$ cat start_32.txt   # compact mmCIF, C-alpha atoms
# COMPACT_ATOMS: atom_id res chain seq x y z
CA MET A 83 35.79 202.45 69.08
CA CYS A 84 37.18 203.39 72.47
CA GLY A 85 36.43 200.66 74.99
CA ARG A 86 39.24 201.05 77.54
CA TYR A 87 41.40 203.92 78.66
CA VAL A 88 43.73 205.09 81.43
CA SER A 89 42.96 207.86 83.92
CA THR A 90 45.41 208.22 86.79
CA ARG A 91 45.70 211.98 87.40
CA SER A 92 44.75 213.13 90.88
CA PRO A 93 41.66 215.32 91.24
CA GLN A 94 43.91 218.08 92.59
CA ASP A 95 45.94 217.99 89.36
CA LEU A 96 42.80 217.95 87.21
CA VAL A 97 41.34 220.92 89.07
CA GLN A 98 44.42 222.94 88.17
CA LEU A 99 44.75 221.67 84.60
CA PHE A 100 41.15 222.44 83.69
CA HIS A 101 40.63 225.53 85.91
CA VAL A 102 37.82 223.84 87.82
CA ALA A 103 35.83 225.95 90.29
CA ALA A 104 34.05 223.17 92.22
CA TRP A 105 34.67 219.55 93.18
CA ARG A 106 33.82 217.33 96.14
CA PRO A 107 36.75 215.59 97.84
CA GLU A 108 34.40 212.88 99.12
CA GLU A 109 33.77 211.85 95.48
CA ALA A 110 37.46 211.21 94.70
CA LEU A 111 38.21 208.33 92.31
CA ALA A 112 41.22 206.06 92.58
CA PRO A 113 43.76 206.02 89.72
CA ASN A 114 42.58 203.56 87.07
CA TRP A 115 44.80 201.90 84.46
CA ASN A 116 41.93 199.88 82.99
CA VAL A 117 38.86 202.12 82.76
CA ALA A 118 35.99 200.03 81.40
CA PRO A 119 32.36 200.72 80.43
CA THR A 120 30.02 201.37 83.39
CA ASN A 121 32.99 202.49 85.54
CA GLU A 122 32.85 205.86 87.28
CA VAL A 123 35.12 208.27 85.41
CA TRP A 124 36.27 211.86 85.89
CA ALA A 125 34.43 214.46 83.83
CA VAL A 126 34.90 218.22 83.52
CA LEU A 127 31.65 220.03 82.77
CA GLU A 128 29.93 223.37 83.18
CA ARG A 129 26.44 223.79 84.61
CA ALA A 130 24.44 225.95 86.98
CA PRO A 131 24.30 224.49 90.52
CA ARG A 132 20.93 222.79 90.92
CA ASP A 133 20.39 224.27 94.41
CA GLN A 134 20.72 227.88 93.22
CA GLY A 135 17.62 228.03 91.06
CA HIS A 136 16.98 229.07 87.47
CA GLY A 137 19.31 231.70 86.05
CA ALA A 138 22.25 230.93 88.33
CA PRO A 139 25.68 231.34 86.68
CA VAL A 140 27.38 228.20 85.45
CA GLU A 141 30.37 226.71 87.27
CA ARG A 142 33.09 224.45 85.95
CA GLU A 143 32.95 221.20 87.90
CA LEU A 144 35.02 218.06 88.24
CA ARG A 145 32.81 215.13 89.07
CA PRO A 146 32.53 211.37 88.59
CA LEU A 147 30.07 210.13 85.95
CA ARG A 148 29.20 206.62 84.84
CA TRP A 149 30.70 205.72 81.45
CA GLY A 150 27.97 204.59 79.04
CA LEU A 151 25.33 207.17 78.20
CA VAL A 152 21.76 206.39 79.25
CA PRO A 153 19.31 208.62 77.33
CA SER A 154 16.66 210.38 79.40
CA TRP A 155 13.95 208.37 77.62
CA ALA A 156 15.55 204.96 78.24
CA LYS A 157 13.48 202.32 80.01
CA ASP A 158 16.52 200.49 81.38
CA VAL A 159 19.99 201.69 82.40
CA LYS A 160 21.51 198.63 80.71
CA ILE A 161 21.33 200.48 77.40
CA GLY A 162 24.31 202.55 78.57
CA ALA A 163 26.72 199.64 78.10
CA ARG A 164 26.08 199.91 74.35
CA MET A 165 26.50 203.70 74.23
CA ILE A 166 30.06 204.23 75.42
CA ASN A 167 30.97 205.95 72.13
CA ALA A 168 29.31 208.44 69.78
CA ARG A 169 30.61 208.91 66.24
CA VAL A 170 31.57 212.51 65.54
CA GLU A 171 30.17 212.21 62.03
CA THR A 172 26.60 211.51 63.23
CA VAL A 173 26.43 212.58 66.89
CA HIS A 174 24.30 215.64 66.07
CA GLU A 175 21.67 213.42 64.39
CA LYS A 176 21.32 210.34 66.58
CA PRO A 177 18.31 210.43 68.96
CA ALA A 178 20.38 209.13 71.88
CA PHE A 179 22.96 211.91 71.60
CA ARG A 180 21.62 214.97 69.77
CA ARG A 181 20.12 216.76 72.81
CA ALA A 182 23.23 216.19 74.89
CA PHE A 183 25.40 217.37 71.98
CA VAL A 184 23.64 220.73 72.04
CA LYS A 185 23.28 221.17 75.81
CA ARG A 186 25.45 218.80 77.85
CA ARG A 187 29.06 218.43 76.79
CA CYS A 188 32.06 217.45 78.90
CA LEU A 189 35.75 216.61 78.81
CA LEU A 190 36.98 213.23 80.03
CA PRO A 191 40.63 213.40 81.17
CA ALA A 192 42.80 210.47 80.09
CA ASP A 193 46.47 209.51 80.11
CA GLY A 194 45.92 207.43 76.98
CA PHE A 195 43.72 204.65 75.62
CA TYR A 196 43.92 201.04 74.48
CA GLU A 197 43.18 199.54 71.10
CA TRP A 198 43.54 196.01 69.77
CA GLN A 199 45.08 194.86 66.49
CA GLN A 200 44.61 191.51 64.81
CA ALA A 201 47.82 189.49 64.97
CA THR A 202 49.09 185.93 64.56
CA ASP A 203 50.59 184.00 67.46
CA GLU A 204 54.18 183.11 66.49
CA VAL A 205 54.05 179.85 68.47
CA THR A 206 50.62 178.46 67.63
CA GLY A 207 49.94 180.28 64.37
CA LYS A 208 46.46 181.14 65.61
CA ALA A 209 44.85 184.56 65.21
CA ARG A 210 44.79 186.73 68.31
CA LYS A 211 44.30 190.36 69.24
CA GLN A 212 47.32 192.33 70.46
CA PRO A 213 46.51 195.28 72.76
CA TYR A 214 48.36 198.58 72.36
CA PHE A 215 48.55 201.57 74.66
CA ILE A 216 48.24 204.84 72.71
CA TYR A 217 49.25 208.02 74.49
CA PRO A 218 50.51 211.61 73.95
CA GLU A 219 54.22 211.61 73.20
CA ASP A 220 54.73 214.47 75.68
CA ASP A 221 52.78 212.62 78.43
CA GLN A 222 50.28 215.47 78.67
CA VAL A 223 46.70 214.73 79.71
CA MET A 224 44.23 214.05 76.92
CA ALA A 225 40.89 215.89 77.11
CA LEU A 226 38.51 213.50 75.37
CA ALA A 227 35.40 215.15 73.97
CA GLY A 228 32.32 213.75 75.67
CA LEU A 229 28.62 214.20 76.30
CA TYR A 230 26.65 213.63 79.48
CA GLU A 231 22.99 212.99 80.23
CA TYR A 232 20.59 212.70 83.17
CA TRP A 233 18.40 209.65 83.67
CA ARG A 234 15.55 209.70 86.18
CA ASN A 235 15.00 206.45 88.08
CA PRO A 236 11.20 205.95 88.06
CA GLU A 237 11.38 203.66 91.08
CA ILE A 238 12.49 206.48 93.38
CA GLY A 239 9.92 209.09 94.41
CA PRO A 240 11.21 212.56 95.28
CA ASP A 241 13.47 214.43 92.84
CA ASP A 242 15.74 215.58 95.67
CA ASP A 243 16.68 211.99 96.58
CA PRO A 244 20.34 211.50 95.50
CA GLY A 245 19.45 208.08 94.12
CA ALA A 246 16.76 209.46 91.83
CA TRP A 247 19.22 210.64 89.19
CA LEU A 248 21.95 208.85 87.27
CA ILE A 249 24.44 210.94 85.28
CA THR A 250 26.20 209.10 82.48
CA CYS A 251 28.59 209.99 79.67
CA THR A 252 29.92 208.90 76.30
CA ILE A 253 33.15 209.53 74.37
CA LEU A 254 33.18 210.96 70.85
CA THR A 255 35.23 209.02 68.33
CA THR A 256 36.67 209.95 64.95
CA GLU A 257 38.80 208.46 62.18
CA ALA A 258 42.17 207.48 63.57
CA THR A 259 45.30 209.36 62.59
CA ASP A 260 48.91 209.27 63.66
CA ALA A 261 50.14 206.21 65.57
CA ALA A 262 46.58 205.22 66.45
CA GLY A 263 45.73 204.80 62.79
CA ARG A 264 48.25 202.00 62.46
CA VAL A 265 46.40 200.01 65.13
CA HIS A 266 42.68 200.73 64.67
CA PRO A 267 40.55 202.79 62.24
CA ARG A 268 38.78 204.74 65.00
CA MET A 269 40.03 206.68 68.02
CA PRO A 270 38.65 208.97 70.75
CA LEU A 271 38.67 212.63 69.80
CA ALA A 272 40.79 214.80 72.11
CA LEU A 273 40.25 218.55 72.13
CA THR A 274 43.03 221.11 72.26
CA PRO A 275 43.07 223.61 75.17
CA ASP A 276 41.96 226.51 72.95
CA HIS A 277 38.64 224.68 72.38
CA TYR A 278 37.88 223.74 76.01
CA ASP A 279 35.86 226.85 76.86
CA ALA A 280 33.65 226.78 73.78
CA TRP A 281 33.02 223.04 74.08
CA LEU A 282 32.04 223.19 77.76
CA ASP A 283 29.91 226.34 77.56
CA PRO A 284 26.25 225.17 77.84
CA HIS A 285 25.07 228.43 76.26
CA HIS A 286 26.95 227.55 73.07
CA GLN A 287 24.25 225.57 71.26
CA ASP A 288 24.77 226.02 67.52
CA PRO A 289 25.35 222.50 66.10
CA ASP A 290 27.44 223.73 63.17
CA ASP A 291 29.71 225.81 65.41
CA LEU A 292 30.10 222.88 67.79
CA ARG A 293 30.96 220.48 65.00
CA ALA A 294 33.64 222.91 63.83
CA LEU A 295 35.43 222.35 67.15
CA LEU A 296 35.68 218.63 66.46
CA THR A 297 38.50 218.67 63.95
CA GLN A 298 40.79 215.78 63.14
CA PRO A 299 43.60 215.41 65.68
CA GLY A 300 46.95 216.52 64.33
CA ASP A 301 49.59 214.05 63.18
CA GLY A 302 52.78 213.49 65.11
CA HIS A 303 51.54 213.83 68.68
CA LEU A 304 50.70 210.27 69.70
CA ASP A 305 52.90 207.30 70.41
CA THR A 306 52.01 203.64 70.79
CA ARG A 307 53.44 200.52 72.36
CA PRO A 308 52.31 196.88 72.64
CA VAL A 309 51.22 195.84 76.12
CA SER A 310 50.26 192.66 77.92
CA THR A 311 46.96 190.92 77.22
CA ALA A 312 46.32 191.27 80.96
CA VAL A 313 44.43 194.46 80.04
CA ASN A 314 41.81 192.25 78.37
CA SER A 315 40.33 191.44 81.78
CA VAL A 316 38.58 194.26 83.65
CA ARG A 317 39.68 192.57 86.88
CA ASN A 318 43.30 193.54 86.20
CA ASN A 319 44.56 196.98 87.11
CA GLY A 320 47.78 198.79 87.97
CA PRO A 321 50.64 200.61 86.22
CA GLN A 322 52.08 197.34 84.88
CA LEU A 323 49.27 197.26 82.31
CA VAL A 324 50.90 200.08 80.31
CA ASP A 325 54.42 198.59 80.42
CA GLU A 326 55.79 197.84 76.96
CA LEU A 327 56.14 194.20 76.05
CA PRO A 328 59.76 193.08 75.64
CA ALA A 329 60.86 192.73 72.03

$ encode --input "start_32.txt" --output "structure tokens"
Amino acid sequence: MCGRYVSTRSPQDLVQLFHVAAWRPEEALAPNWNVAPTNEVWAVLERAPRDQGHGAPVERELRPLRWGLVPSWAKDVKIGARMINARVETVHEKPAFRRAFVKRRCLLPADGFYEWQQATDEVTGKARKQPYFIYPEDDQVMALAGLYEYWRNPEIGPDDDPGAWLITCTILTTEATDAAGRVHPRMPLALTPDHYDAWLDPHHQDPDDLRALLTQPGDGHLDTRPVSTAVNSVRNNGPQLVDELPA
């Protein structure tokens, strides 16, 4: 499960880090220390520009997508709130994800992510959940493996109306390793730079080859620290959310 993460890099930094060819400054997102489902999030993807017709070369884009994948066949966008994650073990089989897995993959840049561990309150003795921030030990950006999908709003007439299409995404998760495994059994799957090109290439559509890119993350590269329960509320934001709790 990955239900909250941190994404604070500027679009200018992300353009350089991921060798992006196209992005729209008017779509810039503010830094977010408490990214939650249905939020707009940065995604790196490759596709042919829609205004250049069939057969146009693909471009690598940086653009905001809504977190929580809405399948093209969905009757209601609310289904997206339940599809924020896709399990790497079954993503190629599930009806909601299998077409996107073959044709529409993306990277979701993150500084780190949150997970919660069952704990006991030392004062009251009651059970509670302690949040942890899990992040790369070298403070490098994480490129979370994701999928994206188009949903056509039936209430809007012409296809060229900007409101006619909603583009949503989901994060792939895997068995947790490293520091994350001490907190929660699942974690988002981050790709290494040598796999970015193959993962993003929409012409790369062999499911077995794609699954081979989704290997277990290596041990020894993540760190973790307990943080305030303020992160539990989506209304809270700011760099203080990732500060370590005093001993």

$ residues_around --input "start_32.txt" --residues "stretch 119-133 of chain A" --least-positions-apart "4" --cutoff "6 Å" --atoms "all atoms listed in the file" --output "list in words"
Ala138, Pro139, Val140, Glu141, Arg142, Glu143, Leu144, Arg145, Pro146, Leu147, Arg148, Trp149, Gly150, Cys188, Leu189, Leu190 and Leu282 of chain A

$ write_last_selection --input "start_32.txt" --atoms "C-alpha atoms" --output "PDB file, in the coordinates of the input"
ATOM      1  CA  ALA A 138      22.250 230.930  88.330  1.00  0.00           C
ATOM      2  CA  PRO A 139      25.680 231.340  86.680  1.00  0.00           C
ATOM      3  CA  VAL A 140      27.380 228.200  85.450  1.00  0.00           C
ATOM      4  CA  GLU A 141      30.370 226.710  87.270  1.00  0.00           C
ATOM      5  CA  ARG A 142      33.090 224.450  85.950  1.00  0.00           C
ATOM      6  CA  GLU A 143      32.950 221.200  87.900  1.00  0.00           C
ATOM      7  CA  LEU A 144      35.020 218.060  88.240  1.00  0.00           C
ATOM      8  CA  ARG A 145      32.810 215.130  89.070  1.00  0.00           C
ATOM      9  CA  PRO A 146      32.530 211.370  88.590  1.00  0.00           C
ATOM     10  CA  LEU A 147      30.070 210.130  85.950  1.00  0.00           C
ATOM     11  CA  ARG A 148      29.200 206.620  84.840  1.00  0.00           C
ATOM     12  CA  TRP A 149      30.700 205.720  81.450  1.00  0.00           C
ATOM     13  CA  GLY A 150      27.970 204.590  79.040  1.00  0.00           C
ATOM     14  CA  CYS A 188      32.060 217.450  78.900  1.00  0.00           C
ATOM     15  CA  LEU A 189      35.750 216.610  78.810  1.00  0.00           C
ATOM     16  CA  LEU A 190      36.980 213.230  80.030  1.00  0.00           C
ATOM     17  CA  LEU A 282      32.040 223.190  77.760  1.00  0.00           C
TER      18      LEU A 282
END

$ residues_around --input "start_32.txt" --residues "stretch 293-295 of chain A" --least-positions-apart "6" --cutoff "12 Å" --atoms "all atoms listed in the file" --output "list in words"
Arg169, Val170, Glu171, Thr172, Val173, His174, Glu175, Arg180, Phe183, Val184, Ala227, Leu254, Thr256, Leu271, Ala272, Leu273, Thr274, Pro275, Asp276, His277, Tyr278, Asp279, Ala280, Trp281, Leu282, His286 and Gln287 of chain A

$ atom_distance --input "start_32.txt" --atom1 "atom CA of A:Ala209" --atom2 "atom CA of A:Ser315"
18.5 Å

$ closest_residue --input "start_32.txt" --among "A:Thr202, A:Gln212, A:Asn167, A:Gln94" --to "A:Leu327" --atoms "all atoms listed in the file"
A:Gln212

$ atom_distance --input "start_32.txt" --atom1 "atom CA of A:Ala192" --atom2 "atom CA of A:Thr90"
7.5 Å

$ axis_aligned_box --input "start_32.txt" --around "stretch 201-208 of chain A" --padding-each-side "8 Å" --output "JSON"
{"center_x": 50.3, "center_y": 184.0, "center_z": 66.4, "size_x": 23.7, "size_y": 27.0, "size_z": 20.1}

$ residues_around --input "start_32.txt" --residues "A:Gly85" --least-positions-apart "3" --cutoff "12 Å" --atoms "all atoms listed in the file" --output "PyMOL selection string"
chain A and resi 88+116-121+149-150+163-168+194-198+213+252-255+268-270+313-314+316

$ write_last_selection --input "start_32.txt" --atoms "C-alpha atoms" --output "CSV table (one decimal), keeping the file's coordinate frame"
chain,number,residue,atom,x,y,z
A,88,VAL,CA,43.7,205.1,81.4
A,116,ASN,CA,41.9,199.9,83.0
A,117,VAL,CA,38.9,202.1,82.8
A,118,ALA,CA,36.0,200.0,81.4
A,119,PRO,CA,32.4,200.7,80.4
A,120,THR,CA,30.0,201.4,83.4
A,121,ASN,CA,33.0,202.5,85.5
A,149,TRP,CA,30.7,205.7,81.4
A,150,GLY,CA,28.0,204.6,79.0
A,163,ALA,CA,26.7,199.6,78.1
A,164,ARG,CA,26.1,199.9,74.4
A,165,MET,CA,26.5,203.7,74.2
A,166,ILE,CA,30.1,204.2,75.4
A,167,ASN,CA,31.0,206.0,72.1
A,168,ALA,CA,29.3,208.4,69.8
A,194,GLY,CA,45.9,207.4,77.0
A,195,PHE,CA,43.7,204.6,75.6
A,196,TYR,CA,43.9,201.0,74.5
A,197,GLU,CA,43.2,199.5,71.1
A,198,TRP,CA,43.5,196.0,69.8
A,213,PRO,CA,46.5,195.3,72.8
A,252,THR,CA,29.9,208.9,76.3
A,253,ILE,CA,33.2,209.5,74.4
A,254,LEU,CA,33.2,211.0,70.8
A,255,THR,CA,35.2,209.0,68.3
A,268,ARG,CA,38.8,204.7,65.0
A,269,MET,CA,40.0,206.7,68.0
A,270,PRO,CA,38.6,209.0,70.8
A,313,VAL,CA,44.4,194.5,80.0
A,314,ASN,CA,41.8,192.2,78.4
A,316,VAL,CA,38.6,194.3,83.6

$ decode --input "start_32.txt" --residues "stretch 141-152 of chain A" --atoms "all heavy atoms" --output "compact mmCIF listing (two decimals), in the first residue's frame"
# COMPACT_ATOMS: atom_id res chain seq x y z
N GLU A 141 6.96 12.06 -27.59
CA GLU A 141 7.74 13.03 -26.82
C GLU A 141 7.66 12.67 -25.35
O GLU A 141 6.66 12.16 -24.88
CB GLU A 141 7.20 14.45 -27.01
CG GLU A 141 7.47 15.06 -28.35
CD GLU A 141 7.01 16.52 -28.41
OE1 GLU A 141 6.27 16.94 -27.49
OE2 GLU A 141 7.38 17.21 -29.37
N ARG A 142 8.74 12.95 -24.63
CA ARG A 142 8.72 12.75 -23.18
C ARG A 142 8.18 14.01 -22.53
O ARG A 142 8.71 15.10 -22.70
CB ARG A 142 10.11 12.42 -22.66
CG ARG A 142 10.12 12.11 -21.15
CD ARG A 142 11.42 11.51 -20.70
NE ARG A 142 11.65 10.20 -21.33
CZ ARG A 142 12.68 9.41 -21.05
NH1 ARG A 142 13.59 9.80 -20.16
NH2 ARG A 142 12.82 8.25 -21.66
N GLU A 143 7.10 13.85 -21.78
CA GLU A 143 6.40 14.98 -21.18
C GLU A 143 6.46 14.92 -19.65
O GLU A 143 6.56 13.85 -19.06
CB GLU A 143 4.92 14.98 -21.59
CG GLU A 143 4.65 15.03 -23.07
CD GLU A 143 3.17 15.03 -23.38
OE1 GLU A 143 2.35 15.09 -22.42
OE2 GLU A 143 2.81 14.96 -24.56
N LEU A 144 6.35 16.10 -19.06
CA LEU A 144 6.11 16.23 -17.63
C LEU A 144 4.75 16.89 -17.51
O LEU A 144 4.56 18.01 -18.02
CB LEU A 144 7.19 17.08 -16.96
CG LEU A 144 6.98 17.35 -15.46
CD1 LEU A 144 7.17 16.07 -14.64
CD2 LEU A 144 7.93 18.44 -14.97
N ARG A 145 3.82 16.22 -16.84
CA ARG A 145 2.49 16.81 -16.75
C ARG A 145 1.79 16.35 -15.47
O ARG A 145 2.10 15.29 -14.92
CB ARG A 145 1.66 16.46 -17.97
CG ARG A 145 1.39 15.00 -18.19
CD ARG A 145 0.52 14.82 -19.42
NE ARG A 145 -0.71 15.60 -19.31
CZ ARG A 145 -1.46 15.96 -20.35
NH1 ARG A 145 -1.10 15.62 -21.58
NH2 ARG A 145 -2.57 16.66 -20.18
N PRO A 146 0.84 17.14 -15.00
CA PRO A 146 0.09 16.73 -13.80
C PRO A 146 -1.04 15.76 -14.17
O PRO A 146 -1.76 15.97 -15.14
CB PRO A 146 -0.48 18.05 -13.28
CG PRO A 146 -0.56 18.95 -14.46
CD PRO A 146 0.52 18.52 -15.40
N LEU A 147 -1.16 14.69 -13.39
CA LEU A 147 -2.23 13.72 -13.52
C LEU A 147 -2.92 13.57 -12.18
O LEU A 147 -2.35 13.85 -11.13
CB LEU A 147 -1.71 12.34 -13.97
CG LEU A 147 -0.82 12.27 -15.21
CD1 LEU A 147 -0.46 10.82 -15.49
CD2 LEU A 147 -1.50 12.89 -16.42
N ARG A 148 -4.14 13.10 -12.21
CA ARG A 148 -4.87 12.87 -10.95
C ARG A 148 -4.55 11.47 -10.43
O ARG A 148 -4.65 10.47 -11.15
CB ARG A 148 -6.38 13.00 -11.19
CG ARG A 148 -7.21 12.72 -9.95
CD ARG A 148 -8.65 13.14 -10.19
NE ARG A 148 -9.56 12.19 -9.60
CZ ARG A 148 -10.84 12.46 -9.34
NH1 ARG A 148 -11.34 13.64 -9.67
NH2 ARG A 148 -11.62 11.55 -8.82
N TRP A 149 -4.15 11.39 -9.14
CA TRP A 149 -3.76 10.12 -8.55
C TRP A 149 -5.00 9.32 -8.16
O TRP A 149 -5.81 9.75 -7.35
CB TRP A 149 -2.88 10.37 -7.33
CG TRP A 149 -2.34 9.11 -6.72
CD1 TRP A 149 -2.23 7.88 -7.32
CD2 TRP A 149 -1.84 8.95 -5.39
NE1 TRP A 149 -1.69 6.97 -6.45
CE2 TRP A 149 -1.44 7.59 -5.25
CE3 TRP A 149 -1.69 9.81 -4.31
CZ2 TRP A 149 -0.90 7.10 -4.07
CZ3 TRP A 149 -1.15 9.32 -3.14
CH2 TRP A 149 -0.77 7.98 -3.02
N GLY A 150 -5.11 8.13 -8.76
CA GLY A 150 -6.25 7.23 -8.56
C GLY A 150 -6.81 6.89 -9.93
O GLY A 150 -7.59 7.65 -10.50
N LEU A 151 -6.38 5.75 -10.48
CA LEU A 151 -6.68 5.43 -11.86
C LEU A 151 -8.16 5.14 -12.08
O LEU A 151 -8.77 4.33 -11.37
CB LEU A 151 -5.84 4.24 -12.33
CG LEU A 151 -5.89 3.93 -13.82
CD1 LEU A 151 -4.50 3.57 -14.35
CD2 LEU A 151 -6.87 2.79 -14.11
N VAL A 152 -8.73 5.83 -13.08
CA VAL A 152 -10.11 5.60 -13.50
C VAL A 152 -10.07 4.86 -14.83
O VAL A 152 -9.65 5.43 -15.84
CB VAL A 152 -10.88 6.93 -13.66
CG1 VAL A 152 -12.31 6.67 -14.10
CG2 VAL A 152 -10.85 7.73 -12.35
